[in-house]
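Novice: Please read through the structure below; I'll follow up with questions.
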Amino acid sequence: GGRGGEVVRTLKASVYRSCGQWANPCVSPDGRHVVAGGADGGVFVWNLNDGGLKVTLRGHDAAVGTCAWGQQSGLATADKNGVAILWSE
């Protein structure tokens with residue numbers, strides 16, 4: 001057992017920029033992916049197995065500041081203009 005608070009994996013992509021001073025990433029219910037919104041309106045999905053960027057979802061016209069991944073409802077994201085999107089799996 002570790003002490004906790006240790007870095008498990010660092011996720012990066014050269015095209016990813018946070019939408020401001022903070023971002024609200026979320027982890028998929030199955031623990032296989034991490035999602036974070038970008039300054040360019042992209043929704044970046046990383047694979048936790050290998051740390052690679054899996055896909056960038058497009059649909060927002062403004063910086064994406066928050067996301068949530070429900071057990072059965074899928075991925076929801078919201079941008080700074082007040083637009084929320086529920087994504088298919």
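FYI, nothing fancy with the structure tokens labels: chains A, B, ... in order, residues from 1 per chain, ligands from 1 as they appear.
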Going by DSSP on the backbone, which bits of chain A are strand (DSSP E)? Write them as an MDAnalysis selection string, please.
Specialist: chainID A and resid 26:27 33:37 43:47 53:57 64:70 74:79 84:87
Novice: Nearest residue to A:Gly31 out of A:Glu6, A:Gln71, A:Lys12, A:Leu86, using only C-alpha atoms?
Specialist: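 Among A:Glu6, A:Gln71, A:Lys12, A:Leu86, it is A:Gln71 that comes nearest to A:Gly31.
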Novice: Find the residue from A:Thr66, A:Ser73, A:Thr56, A:Asn81 that sits nearest to A:Asn24; use only C-alpha atoms when measuring.
Specialist: A:Thr66
Novice: To one decimal in Å, tell me the separation between atom CA of A:Gly4 and atom CA of A:Val27.
Specialist: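 So the two atoms, atom CA of A:Gly4 and atom CA of A:Val27, lie 17.9 Å apart.
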Novice: For atom CA of A:Ile85 and atom CA of A:Ala62, determine how far apart the two atoms are, in Å to one decimal place.
Specialist: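 Atom CA of A:Ala62 lies 12.1 Å from atom CA of A:Ile85.
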Novice: Please indicate the distance in Å from atom CA of A:Ala39 to atom CA of A:Ala63, rounded to one decimal place.
Specialist: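 Between atom CA of A:Ala39 and atom CA of A:Ala63 the gap works out to 4.3 Å.
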Novice: Just want the 10 Å neighbourhood of A:Val83, counted on only C-alpha atoms, with same-chain residues fewer than 3 positions away dropped. Output as a list in words.
Specialist: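 Answer for this query is Gly59, His60, Asp61, Ala62, Val64, Thr77, Ala78, Asp79 and Lys80 of chain A.
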Novice: For the selection just defined, write its residues with C-alpha atoms to a file, as a PDB file, in the first residue's frame.
Specialist:
ATOM      1  CA  GLY A  59     -19.190  20.091 -31.313  1.00  0.00           C
ATOM      2  CA  HIS A  60     -18.554  23.109 -29.102  1.00  0.00           C
ATOM      3  CA  ASP A  61     -17.860  26.598 -30.475  1.00  0.00           C
ATOM      4  CA  ALA A  62     -16.336  27.872 -27.218  1.00  0.00           C
ATOM      5  CA  VAL A  64     -15.086  23.607 -22.733  1.00  0.00           C
ATOM      6  CA  THR A  77     -19.724  18.521 -21.504  1.00  0.00           C
ATOM      7  CA  ALA A  78     -20.439  22.231 -21.160  1.00  0.00           C
ATOM      8  CA  ASP A  79     -18.734  25.285 -22.607  1.00  0.00           C
ATOM      9  CA  LYS A  80     -18.280  28.875 -21.464  1.00  0.00           C
TER      10      LYS A  80
END
Novice: What's the 9 Å shell around A:Gly70, counting only C-alpha atoms, without same-chain residues fewer than 6 positions away, as a VMD selection string?
Specialist: chain A and resid 28 to 29 76
Novice: Which of these, A:Thr10, A:Ala36, A:Ser88, A:Gly74, has the shortest distance to A:Leu48 once you count only C-alpha atoms?
Specialist: A:Thr10
